[in-house]
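Q: The structure file data17.json (JSON, C-alpha atoms and all ligand atoms) is provided below.
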[["chain", "number", "residue", "atom", "x", "y", "z"],
["S", 23, "MET", "CA", -10.42, 24.35, -2.72],
["S", 24, "ALA", "CA", -9.42, 26.22, 0.36],
["S", 25, "ASN", "CA", -5.84, 26.14, 1.40],
["S", 26, "ASP", "CA", -6.67, 25.21, 4.96],
["S", 27, "ALA", "CA", -5.59, 22.66, 7.54],
["S", 28, "VAL", "CA", -5.34, 18.96, 6.69],
["S", 29, "ASP", "CA", -8.75, 17.35, 6.52],
["S", 30, "PRO", "CA", -8.49, 13.56, 6.86],
["S", 31, "ALA", "CA", -11.82, 12.98, 5.14],
["S", 32, "ARG", "CA", -10.78, 15.11, 2.21],
["S", 33, "ARG", "CA", -7.47, 13.31, 2.00],
["S", 34, "ARG", "CA", -9.27, 9.98, 1.81],
["S", 35, "LEU", "CA", -11.51, 11.30, -0.91],
["S", 36, "LEU", "CA", -8.58, 12.54, -2.92],
["S", 37, "ALA", "CA", -6.76, 9.25, -2.44],
["S", 38, "GLY", "CA", -9.81, 7.35, -3.62],
["S", 39, "THR", "CA", -10.06, 9.55, -6.65],
["S", 40, "ALA", "CA", -6.49, 8.74, -7.57],
["S", 41, "GLY", "CA", -7.26, 5.03, -7.48],
["S", 42, "ALA", "CA", -10.51, 5.39, -9.38],
["S", 43, "LEU", "CA", -8.78, 7.15, -12.22],
["S", 44, "GLY", "CA", -6.56, 4.18, -12.84],
["S", 45, "GLY", "CA", -9.39, 1.69, -12.60],
["S", 46, "VAL", "CA", -11.81, 3.12, -15.11],
["S", 47, "GLY", "CA", -9.65, 5.18, -17.35],
["S", 48, "LEU", "CA", -8.97, 8.89, -17.15],
["S", 49, "ALA", "CA", -11.94, 11.13, -16.62],
["S", 50, "ALA", "CA", -11.27, 14.78, -16.01],
["S", 51, "ALA", "CA", -14.85, 15.37, -14.83],
["S", 52, "ALA", "CA", -14.26, 13.02, -11.87],
["S", 53, "VAL", "CA", -11.67, 15.41, -10.48],
["S", 54, "PRO", "CA", -13.47, 18.74, -10.37],
["S", 55, "PHE", "CA", -10.88, 20.48, -8.26],
["S", 56, "VAL", "CA", -8.21, 20.00, -10.86],
["S", 57, "SER", "CA", -10.42, 20.09, -13.91],
["S", 58, "SER", "CA", -9.51, 23.69, -14.60],
["S", 59, "MET", "CA", -5.91, 22.61, -14.83],
["S", 60, "GLN", "CA", -6.59, 19.95, -17.40],
["S", 61, "PRO", "CA", -4.92, 20.62, -20.72],
["S", 62, "SER", "CA", -7.02, 20.81, -23.85],
["S", 63, "ALA", "CA", -7.63, 17.67, -25.86],
["S", 64, "LYS", "CA", -5.37, 19.01, -28.54],
["S", 65, "THR", "CA", -2.59, 19.59, -26.01],
["S", 66, "GLN", "CA", -3.02, 16.11, -24.58],
["S", 67, "ALA", "CA", -2.96, 14.49, -27.97],
["S", 68, "ALA", "CA", 0.28, 16.23, -28.74],
["S", 69, "GLY", "CA", 1.80, 15.03, -25.49],
["S", 70, "ALA", "CA", 2.83, 18.58, -24.73],
["S", 71, "PRO", "CA", 4.01, 19.70, -21.30],
["S", 72, "VAL", "CA", 1.26, 20.58, -18.84],
["S", 73, "GLU", "CA", 1.27, 23.53, -16.46],
["S", 74, "VAL", "CA", -0.10, 22.79, -13.00],
["S", 75, "ASP", "CA", -1.04, 25.37, -10.37],
["S", 76, "ILE", "CA", -0.08, 23.91, -7.00],
["S", 77, "GLY", "CA", -0.65, 27.13, -5.09],
["S", 78, "LYS", "CA", -3.82, 25.87, -3.39],
["S", 79, "LEU", "CA", -2.67, 22.33, -2.71],
["S", 80, "ALA", "CA", -2.83, 21.88, 1.07],
["S", 81, "PRO", "CA", -0.28, 19.83, 3.05],
["S", 82, "GLY", "CA", -1.20, 16.17, 2.80],
["S", 83, "GLU", "CA", -3.29, 16.59, -0.35],
["S", 84, "LEU", "CA", -2.73, 14.75, -3.59],
["S", 85, "MET", "CA", -3.92, 16.00, -6.93],
["S", 86, "VAL", "CA", -4.10, 14.16, -10.21],
["S", 87, "VAL", "CA", -3.12, 15.70, -13.51],
["S", 88, "GLU", "CA", -3.39, 14.08, -16.89],
["S", 89, "TRP", "CA", -0.28, 14.06, -19.02],
["S", 90, "ARG", "CA", 0.07, 11.98, -22.15],
["S", 91, "ARG", "CA", -3.19, 10.30, -21.14],
["S", 92, "ARG", "CA", -1.66, 9.02, -17.96],
["S", 93, "PRO", "CA", -2.29, 10.14, -14.35],
["S", 94, "VAL", "CA", 0.48, 12.14, -12.76],
["S", 95, "TRP", "CA", 0.25, 12.74, -9.04],
["S", 96, "VAL", "CA", 1.40, 15.83, -7.24],
["S", 97, "LEU", "CA", 1.52, 15.19, -3.50],
["S", 98, "ARG", "CA", 2.29, 17.97, -1.08],
["S", 99, "ARG", "CA", 3.95, 16.01, 1.69],
["S", 100, "THR", "CA", 3.55, 17.20, 5.26],
["S", 101, "GLN", "CA", 6.53, 17.59, 7.56],
["S", 102, "GLU", "CA", 5.34, 14.48, 9.40],
["S", 103, "GLU", "CA", 5.23, 12.52, 6.16],
["S", 104, "LEU", "CA", 8.77, 13.55, 5.34],
["S", 105, "GLU", "CA", 9.90, 12.50, 8.79],
["S", 106, "ASN", "CA", 8.13, 9.15, 8.41],
["S", 107, "LEU", "CA", 9.69, 8.67, 5.00],
["S", 108, "ALA", "CA", 13.13, 8.98, 6.58],
["S", 109, "LYS", "CA", 12.20, 6.16, 8.98],
["S", 110, "VAL", "CA", 11.47, 3.58, 6.27],
["S", 111, "PRO", "CA", 14.03, 0.75, 6.68],
["S", 112, "LEU", "CA", 16.04, 0.78, 3.48],
["S", 113, "ASP", "CA", 16.57, -2.98, 3.59],
["S", 114, "GLU", "CA", 12.82, -3.42, 3.15],
["S", 115, "LEU", "CA", 12.88, -1.61, -0.18],
["S", 116, "ARG", "CA", 13.59, -3.31, -3.48],
["S", 117, "ASP", "CA", 15.50, -0.36, -4.93],
["S", 118, "PRO", "CA", 16.17, 2.13, -2.11],
["S", 119, "GLU", "CA", 18.60, 4.24, -4.15],
["S", 120, "SER", "CA", 16.32, 4.13, -7.20],
["S", 121, "ALA", "CA", 19.26, 2.81, -9.20],
["S", 122, "GLN", "CA", 17.04, 0.63, -11.41],
["S", 123, "SER", "CA", 14.09, 3.00, -11.46],
["S", 124, "ASP", "CA", 13.03, 5.79, -13.76],
["S", 125, "GLN", "CA", 13.47, 9.37, -12.62],
["S", 126, "PRO", "CA", 15.33, 12.46, -13.81],
["S", 127, "GLY", "CA", 18.73, 13.05, -12.28],
["S", 128, "TYR", "CA", 17.42, 15.95, -10.22],
["S", 129, "ALA", "CA", 14.93, 13.57, -8.54],
["S", 130, "ALA", "CA", 17.46, 10.82, -7.81],
["S", 131, "ASN", "CA", 17.51, 11.41, -4.08],
["S", 132, "GLU", "CA", 15.78, 10.03, -1.00],
["S", 133, "GLN", "CA", 12.69, 12.18, -1.49],
["S", 134, "ARG", "CA", 12.74, 11.57, -5.25],
["S", 135, "SER", "CA", 11.82, 15.19, -5.89],
["S", 136, "ILE", "CA", 13.24, 18.62, -6.62],
["S", 137, "LYS", "CA", 11.71, 20.09, -3.46],
["S", 138, "PRO", "CA", 11.15, 17.63, -0.60],
["S", 139, "GLU", "CA", 7.65, 19.00, 0.02],
["S", 140, "TYR", "CA", 6.28, 18.21, -3.45],
["S", 141, "LEU", "CA", 6.35, 14.71, -4.86],
["S", 142, "VAL", "CA", 5.57, 14.25, -8.55],
["S", 143, "LEU", "CA", 5.00, 10.68, -9.69],
["S", 144, "LEU", "CA", 3.48, 8.77, -12.54],
["S", 145, "GLY", "CA", 0.52, 7.09, -10.84],
["S", 146, "VAL", "CA", 0.85, 3.78, -12.67],
["S", 147, "CYS", "CA", 1.93, 0.61, -10.86],
["S", 148, "THR", "CA", 5.11, -0.86, -12.28],
["S", 149, "HIS", "CA", 3.63, -4.37, -12.08],
["S", 150, "LEU", "CA", 0.65, -4.46, -14.44],
["S", 151, "GLY", "CA", -0.33, -0.83, -14.65],
["S", 152, "CYS", "CA", -3.04, -0.38, -12.03],
["S", 153, "SER", "CA", -3.26, 2.94, -10.20],
["S", 154, "PRO", "CA", -2.16, 2.64, -6.56],
["S", 155, "LYS", "CA", -4.07, 4.51, -3.87],
["S", 156, "TYR", "CA", -2.66, 7.18, -1.59],
["S", 157, "ARG", "CA", -2.71, 5.73, 1.91],
["S", 158, "PRO", "CA", -1.21, 8.28, 4.30],
["S", 159, "GLU", "CA", -2.50, 6.70, 7.51],
["S", 160, "VAL", "CA", 0.38, 5.52, 9.71],
["S", 161, "ALA", "CA", -0.13, 1.93, 10.93],
["S", 162, "ALA", "CA", -3.25, 1.52, 8.77],
["S", 163, "PRO", "CA", -5.07, -1.54, 10.20],
["S", 164, "ASP", "CA", -5.49, -3.23, 6.81],
["S", 165, "ILE", "CA", -1.83, -2.76, 5.87],
["S", 166, "GLY", "CA", 0.16, -3.25, 9.05],
["S", 167, "ALA", "CA", 1.54, -1.68, 12.21],
["S", 168, "ASP", "CA", 4.80, -0.83, 10.45],
["S", 169, "TRP", "CA", 3.09, 1.14, 7.71],
["S", 170, "LYS", "CA", 4.43, 4.70, 7.62],
["S", 171, "GLY", "CA", 2.20, 5.96, 4.87],
["S", 172, "GLY", "CA", 2.58, 5.53, 1.14],
["S", 173, "PHE", "CA", 0.74, 4.03, -1.81],
["S", 174, "LEU", "CA", -1.05, 0.69, -1.97],
["S", 175, "CYS", "CA", -1.88, -1.00, -5.25],
["S", 176, "PRO", "CA", -5.26, -2.76, -4.98],
["S", 177, "CYS", "CA", -4.59, -5.22, -7.79],
["S", 178, "HIS", "CA", -1.91, -7.47, -6.30],
["S", 179, "GLY", "CA", -0.93, -5.72, -3.08],
["S", 180, "GLY", "CA", 2.03, -3.71, -4.30],
["S", 181, "ARG", "CA", 3.24, -1.19, -1.74],
["S", 182, "TYR", "CA", 5.26, 1.97, -2.20],
["S", 183, "ASP", "CA", 6.51, 4.44, 0.36],
["S", 184, "LEU", "CA", 5.91, 8.18, 0.31],
["S", 185, "ALA", "CA", 8.64, 8.60, -2.29],
["S", 186, "GLY", "CA", 7.15, 5.93, -4.56],
["S", 187, "ARG", "CA", 9.82, 3.36, -3.64],
["S", 188, "VAL", "CA", 8.52, -0.19, -3.81],
["S", 189, "PHE", "CA", 8.78, -2.67, -0.95],
["S", 190, "LYS", "CA", 10.48, -6.03, -1.39],
["S", 191, "GLY", "CA", 8.66, -9.33, -1.70],
["S", 192, "LEU", "CA", 5.76, -7.89, -3.67],
["S", 193, "PRO", "CA", 4.92, -8.06, -7.40],
["S", 194, "PRO", "CA", 5.97, -4.56, -8.58],
["S", 195, "PRO", "CA", 9.55, -4.73, -9.88],
["S", 196, "LEU", "CA", 10.41, -1.02, -9.79],
["S", 197, "ASN", "CA", 9.73, 2.22, -7.99],
["S", 198, "LEU", "CA", 6.99, 4.43, -9.39],
["S", 199, "PRO", "CA", 8.46, 6.57, -12.19],
["S", 200, "VAL", "CA", 9.07, 10.28, -11.75],
["S", 201, "PRO", "CA", 8.22, 12.16, -14.95],
["S", 202, "PRO", "CA", 10.32, 15.10, -16.10],
["S", 203, "TYR", "CA", 9.14, 18.33, -14.50],
["S", 204, "ARG", "CA", 10.33, 21.75, -13.48],
["S", 205, "TYR", "CA", 9.17, 24.73, -11.49],
["S", 206, "LEU", "CA", 7.94, 27.67, -13.51],
["S", 207, "SER", "CA", 7.49, 29.55, -10.22],
["S", 208, "ASP", "CA", 6.99, 28.58, -6.58],
["S", 209, "THR", "CA", 3.36, 27.71, -7.33],
["S", 210, "VAL", "CA", 3.41, 26.49, -10.91],
["S", 211, "LEU", "CA", 4.87, 23.24, -12.15],
["S", 212, "VAL", "CA", 5.45, 22.18, -15.71],
["S", 213, "ILE", "CA", 5.10, 18.44, -16.14],
["S", 214, "GLY", "CA", 6.69, 16.87, -19.17],
["S", 215, "GLU", "CA", 9.49, 19.36, -19.48],
["S", 216, "ASP", "CA", 12.93, 18.87, -18.07],
["S", 217, "GLN", "CA", 14.62, 21.62, -16.12],
["S", 218, "GLU", "CA", 17.90, 20.30, -17.42],
["S", 219, "THR", "CA", 17.02, 20.86, -21.05],
["S", 220, "VAL", "CA", 15.05, 24.14, -20.91],
["M", 301, "LIG", "S1", -0.69, -3.99, -10.85],
["M", 301, "LIG", "FE1", -0.03, -3.14, -8.93],
["M", 301, "LIG", "S2", 0.52, -4.89, -7.79],
["M", 301, "LIG", "FE2", -0.08, -5.71, -9.69]]
As a first step, turn the structure in this file into structure tokens.
Ligand code: FES
A:
Amino acid sequence: MANDAVDPARRRLLAGTAGALGGVGLAAAAVPFVSSMQPSAKTQAAGAPVEVDIGKLAPGELMVVEWRRRPVWVLRRTQEELENLAKVPLDELRDPESAQSDQPGYAANEQRSIKPEYLVLLGVCTHLGCSPKYRPEVAAPDIGADWKGGFLCPCHGGRYDLAGRVFKGLPPPLNLPVPPYRYLSDTVLVIGEDQETV
């Protein structure tokens, strides 16, 4: 995967892949560009931390990593996405401060991440466990003119912003969880291991 400019078609493909993973169960072969990062079956079974190379992840791209047999997303947010995230009206969110939601202390901030650019989320809807789809298009026609990009759950219409914070008035009760993670280097993440306890 080339580390080049944002390609909208590629972004859609990646977003679709994220959704498909949740719908049919995890299948590493369906995500060839991250397959080399997949841990061994033995590692997965043990629930061990997973190292992820994010060095080639382009701005706007989302990759899916399997950890403990669940999809974990790593989204490299663009500067525009971060600016749009800051425009989300907090009174439209169910838990804007993530007070009721699950994330490590170092991700309990507006971006819900260690570094604003990289978002790490468990890609499992907090309603009934579907996998929401990455929908970065601002004012997407099928979502609404106010849409500033985020994640849409196809099962019952749950919506999350670009920090995984859920909107009010929809079935999901909580923000998408942030798993424990830390940076091994600027380009390598370890998912499943807490920087506070290493
Ligand atoms: S499972 Fe996502 S909205 Fe119901």
Q: Considering only C-alpha atoms, return as a PyMOL selection string whatever protein or nucleic-acid residues lie within 10 Å of range 198-202 of chain S, sequence-local ones (same chain, fewer than 2 positions apart) excluded.
A: chain S and resi 71+89+94-95+120+123-130+134-135+141-149+154+173+182-183+185-188+194-196+204+212-218
Q: Between CA of Glu105 in chain S and CA of Gly179 in chain S, what is the distance, to one decimal in Å?
A: 24.3 Å
Q: Pick the closest to Val210 in chain S from S:Tyr140, S:Glu159, S:Leu107, S:Gly171: which is it, counting all atoms listed in the file?
A: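 Ranked by minimum distance to Val210 in chain S, first place goes to S:Tyr140.
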Q: Could you work out an axis-aligned box for ligand LIG 301 (chain M), taking every atom the file lists and adding 5 Å on each side, and report centre and edge lengths in Å to one decimal, as JSON?
A:
{"center_x": -0.1, "center_y": -4.4, "center_z": -9.3, "size_x": 11.2, "size_y": 12.6, "size_z": 13.1}
Q: What does the distance between CA of Glu83 in chain S and CA of Glu103 in chain S come to in Å, to one decimal place?
A: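 So the answer is 11.5 Å.
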Q: Enter the distance from atom FE2 of ligand LIG 301 (chain M) to CA of Leu192 in chain S, in Å, rounded to one decimal.
A: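 According to the coordinates, atom FE2 of ligand LIG 301 (chain M) and CA of Leu192 in chain S are separated by 8.7 Å.
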Q: Within 10 Å of Glu114 in chain S, counting all atoms listed in the file, which residues show up once you throw out same-chain ones fewer than 6 positions away? Write them as a CSV table (one decimal) with C-alpha atoms, in the frame of the given file, please.
A:
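Here's the written file out37.csv:
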chain,number,residue,atom,x,y,z
S,188,VAL,CA,8.5,-0.2,-3.8
S,189,PHE,CA,8.8,-2.7,-1.0
S,190,LYS,CA,10.5,-6.0,-1.4
S,191,GLY,CA,8.7,-9.3,-1.7
Q: Determine the nearest neighbour of Arg91 in chain S from the options S:Ile136, S:Leu112, S:Leu79, S:Val72, counting only C-alpha atoms.
A: S:Val72
Q: Looking at all atoms listed in the file, which of S:Pro163, S:Pro118, S:Pro111, S:Gly151 is the one that sits closest to ligand LIG 301 (chain M)?
A: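 Going through S:Pro163, S:Pro118, S:Pro111, S:Gly151 one by one, the smallest distance to ligand LIG 301 (chain M) is for S:Gly151.
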Q: May I ask you to restore all heavy atoms in range 201-212 of chain S and write the result as a PDB file, in the frame of the given file?
A:
ATOM      1  N   PRO S 201       8.127  11.565 -13.614  1.00  0.00           N
ATOM      2  CA  PRO S 201       8.220  12.160 -14.950  1.00  0.00           C
ATOM      3  C   PRO S 201       9.127  13.383 -14.932  1.00  0.00           C
ATOM      4  O   PRO S 201       9.422  13.929 -13.865  1.00  0.00           O
ATOM      5  CB  PRO S 201       6.762  12.574 -15.232  1.00  0.00           C
ATOM      6  CG  PRO S 201       6.216  12.896 -13.880  1.00  0.00           C
ATOM      7  CD  PRO S 201       6.876  11.910 -12.923  1.00  0.00           C
ATOM      8  N   PRO S 202       9.570  13.832 -16.074  1.00  0.00           N
ATOM      9  CA  PRO S 202      10.320  15.100 -16.100  1.00  0.00           C
ATOM     10  C   PRO S 202       9.405  16.239 -15.666  1.00  0.00           C
ATOM     11  O   PRO S 202       8.214  16.257 -16.014  1.00  0.00           O
ATOM     12  CB  PRO S 202      10.731  15.236 -17.567  1.00  0.00           C
ATOM     13  CG  PRO S 202       9.821  14.336 -18.325  1.00  0.00           C
ATOM     14  CD  PRO S 202       9.404  13.244 -17.402  1.00  0.00           C
ATOM     15  N   TYR S 203       9.923  17.151 -14.884  1.00  0.00           N
ATOM     16  CA  TYR S 203       9.140  18.330 -14.500  1.00  0.00           C
ATOM     17  C   TYR S 203      10.089  19.424 -14.045  1.00  0.00           C
ATOM     18  O   TYR S 203      11.265  19.184 -13.769  1.00  0.00           O
ATOM     19  CB  TYR S 203       8.113  18.008 -13.405  1.00  0.00           C
ATOM     20  CG  TYR S 203       8.681  17.699 -12.040  1.00  0.00           C
ATOM     21  CD1 TYR S 203       8.707  18.684 -11.038  1.00  0.00           C
ATOM     22  CD2 TYR S 203       9.192  16.448 -11.730  1.00  0.00           C
ATOM     23  CE1 TYR S 203       9.214  18.415  -9.779  1.00  0.00           C
ATOM     24  CE2 TYR S 203       9.708  16.168 -10.476  1.00  0.00           C
ATOM     25  CZ  TYR S 203       9.715  17.152  -9.500  1.00  0.00           C
ATOM     26  OH  TYR S 203      10.228  16.874  -8.252  1.00  0.00           O
ATOM     27  N   ARG S 204       9.553  20.623 -13.976  1.00  0.00           N
ATOM     28  CA  ARG S 204      10.330  21.750 -13.480  1.00  0.00           C
ATOM     29  C   ARG S 204       9.385  22.752 -12.850  1.00  0.00           C
ATOM     30  O   ARG S 204       8.165  22.692 -13.055  1.00  0.00           O
ATOM     31  CB  ARG S 204      11.124  22.398 -14.615  1.00  0.00           C
ATOM     32  CG  ARG S 204      10.287  23.103 -15.664  1.00  0.00           C
ATOM     33  CD  ARG S 204      11.156  23.619 -16.795  1.00  0.00           C
ATOM     34  NE  ARG S 204      10.369  24.315 -17.804  1.00  0.00           N
ATOM     35  CZ  ARG S 204      10.216  25.646 -17.834  1.00  0.00           C
ATOM     36  NH1 ARG S 204      10.785  26.410 -16.919  1.00  0.00           N
ATOM     37  NH2 ARG S 204       9.502  26.217 -18.781  1.00  0.00           N
ATOM     38  N   TYR S 205       9.958  23.659 -12.095  1.00  0.00           N
ATOM     39  CA  TYR S 205       9.170  24.730 -11.490  1.00  0.00           C
ATOM     40  C   TYR S 205       9.223  25.960 -12.387  1.00  0.00           C
ATOM     41  O   TYR S 205      10.311  26.450 -12.704  1.00  0.00           O
ATOM     42  CB  TYR S 205       9.723  25.100 -10.104  1.00  0.00           C
ATOM     43  CG  TYR S 205       9.331  24.115  -9.032  1.00  0.00           C
ATOM     44  CD1 TYR S 205      10.076  22.957  -8.828  1.00  0.00           C
ATOM     45  CD2 TYR S 205       8.210  24.333  -8.247  1.00  0.00           C
ATOM     46  CE1 TYR S 205       9.708  22.037  -7.849  1.00  0.00           C
ATOM     47  CE2 TYR S 205       7.833  23.429  -7.267  1.00  0.00           C
ATOM     48  CZ  TYR S 205       8.592  22.284  -7.077  1.00  0.00           C
ATOM     49  OH  TYR S 205       8.215  21.379  -6.118  1.00  0.00           O
ATOM     50  N   LEU S 206       8.022  26.414 -12.777  1.00  0.00           N
ATOM     51  CA  LEU S 206       7.940  27.670 -13.510  1.00  0.00           C
ATOM     52  C   LEU S 206       8.002  28.831 -12.518  1.00  0.00           C
ATOM     53  O   LEU S 206       8.529  29.900 -12.820  1.00  0.00           O
ATOM     54  CB  LEU S 206       6.625  27.716 -14.294  1.00  0.00           C
ATOM     55  CG  LEU S 206       6.539  28.663 -15.478  1.00  0.00           C
ATOM     56  CD1 LEU S 206       7.619  28.370 -16.509  1.00  0.00           C
ATOM     57  CD2 LEU S 206       5.156  28.555 -16.129  1.00  0.00           C
ATOM     58  N   SER S 207       7.415  28.600 -11.336  1.00  0.00           N
ATOM     59  CA  SER S 207       7.490  29.550 -10.220  1.00  0.00           C
ATOM     60  C   SER S 207       7.289  28.713  -8.959  1.00  0.00           C
ATOM     61  O   SER S 207       7.174  27.483  -9.028  1.00  0.00           O
ATOM     62  CB  SER S 207       6.388  30.608 -10.331  1.00  0.00           C
ATOM     63  OG  SER S 207       5.115  30.012 -10.085  1.00  0.00           O
ATOM     64  N   ASP S 208       7.191  29.340  -7.815  1.00  0.00           N
ATOM     65  CA  ASP S 208       6.990  28.580  -6.580  1.00  0.00           C
ATOM     66  C   ASP S 208       5.657  27.830  -6.581  1.00  0.00           C
ATOM     67  O   ASP S 208       5.489  26.848  -5.864  1.00  0.00           O
ATOM     68  CB  ASP S 208       7.034  29.518  -5.369  1.00  0.00           C
ATOM     69  CG  ASP S 208       8.464  29.886  -5.003  1.00  0.00           C
ATOM     70  OD1 ASP S 208       9.394  29.225  -5.518  1.00  0.00           O
ATOM     71  OD2 ASP S 208       8.654  30.831  -4.220  1.00  0.00           O
ATOM     72  N   THR S 209       4.702  28.301  -7.372  1.00  0.00           N
ATOM     73  CA  THR S 209       3.360  27.710  -7.330  1.00  0.00           C
ATOM     74  C   THR S 209       2.919  27.090  -8.652  1.00  0.00           C
ATOM     75  O   THR S 209       1.779  26.645  -8.764  1.00  0.00           O
ATOM     76  CB  THR S 209       2.321  28.756  -6.898  1.00  0.00           C
ATOM     77  OG1 THR S 209       2.386  29.854  -7.819  1.00  0.00           O
ATOM     78  CG2 THR S 209       2.589  29.249  -5.479  1.00  0.00           C
ATOM     79  N   VAL S 210       3.785  27.073  -9.618  1.00  0.00           N
ATOM     80  CA  VAL S 210       3.410  26.490 -10.910  1.00  0.00           C
ATOM     81  C   VAL S 210       4.471  25.494 -11.366  1.00  0.00           C
ATOM     82  O   VAL S 210       5.657  25.839 -11.438  1.00  0.00           O
ATOM     83  CB  VAL S 210       3.202  27.561 -11.994  1.00  0.00           C
ATOM     84  CG1 VAL S 210       2.849  26.908 -13.332  1.00  0.00           C
ATOM     85  CG2 VAL S 210       2.105  28.539 -11.588  1.00  0.00           C
ATOM     86  N   LEU S 211       3.996  24.287 -11.626  1.00  0.00           N
ATOM     87  CA  LEU S 211       4.870  23.240 -12.150  1.00  0.00           C
ATOM     88  C   LEU S 211       4.617  23.061 -13.636  1.00  0.00           C
ATOM     89  O   LEU S 211       3.496  23.277 -14.108  1.00  0.00           O
ATOM     90  CB  LEU S 211       4.553  21.895 -11.474  1.00  0.00           C
ATOM     91  CG  LEU S 211       4.991  21.641 -10.046  1.00  0.00           C
ATOM     92  CD1 LEU S 211       4.478  20.270  -9.606  1.00  0.00           C
ATOM     93  CD2 LEU S 211       6.498  21.697  -9.954  1.00  0.00           C
ATOM     94  N   VAL S 212       5.634  22.632 -14.332  1.00  0.00           N
ATOM     95  CA  VAL S 212       5.450  22.180 -15.710  1.00  0.00           C
ATOM     96  C   VAL S 212       5.831  20.712 -15.741  1.00  0.00           C
ATOM     97  O   VAL S 212       6.970  20.346 -15.414  1.00  0.00           O
ATOM     98  CB  VAL S 212       6.340  22.973 -16.691  1.00  0.00           C
ATOM     99  CG1 VAL S 212       6.105  22.480 -18.116  1.00  0.00           C
ATOM    100  CG2 VAL S 212       6.053  24.465 -16.592  1.00  0.00           C
TER     101      VAL S 212
END
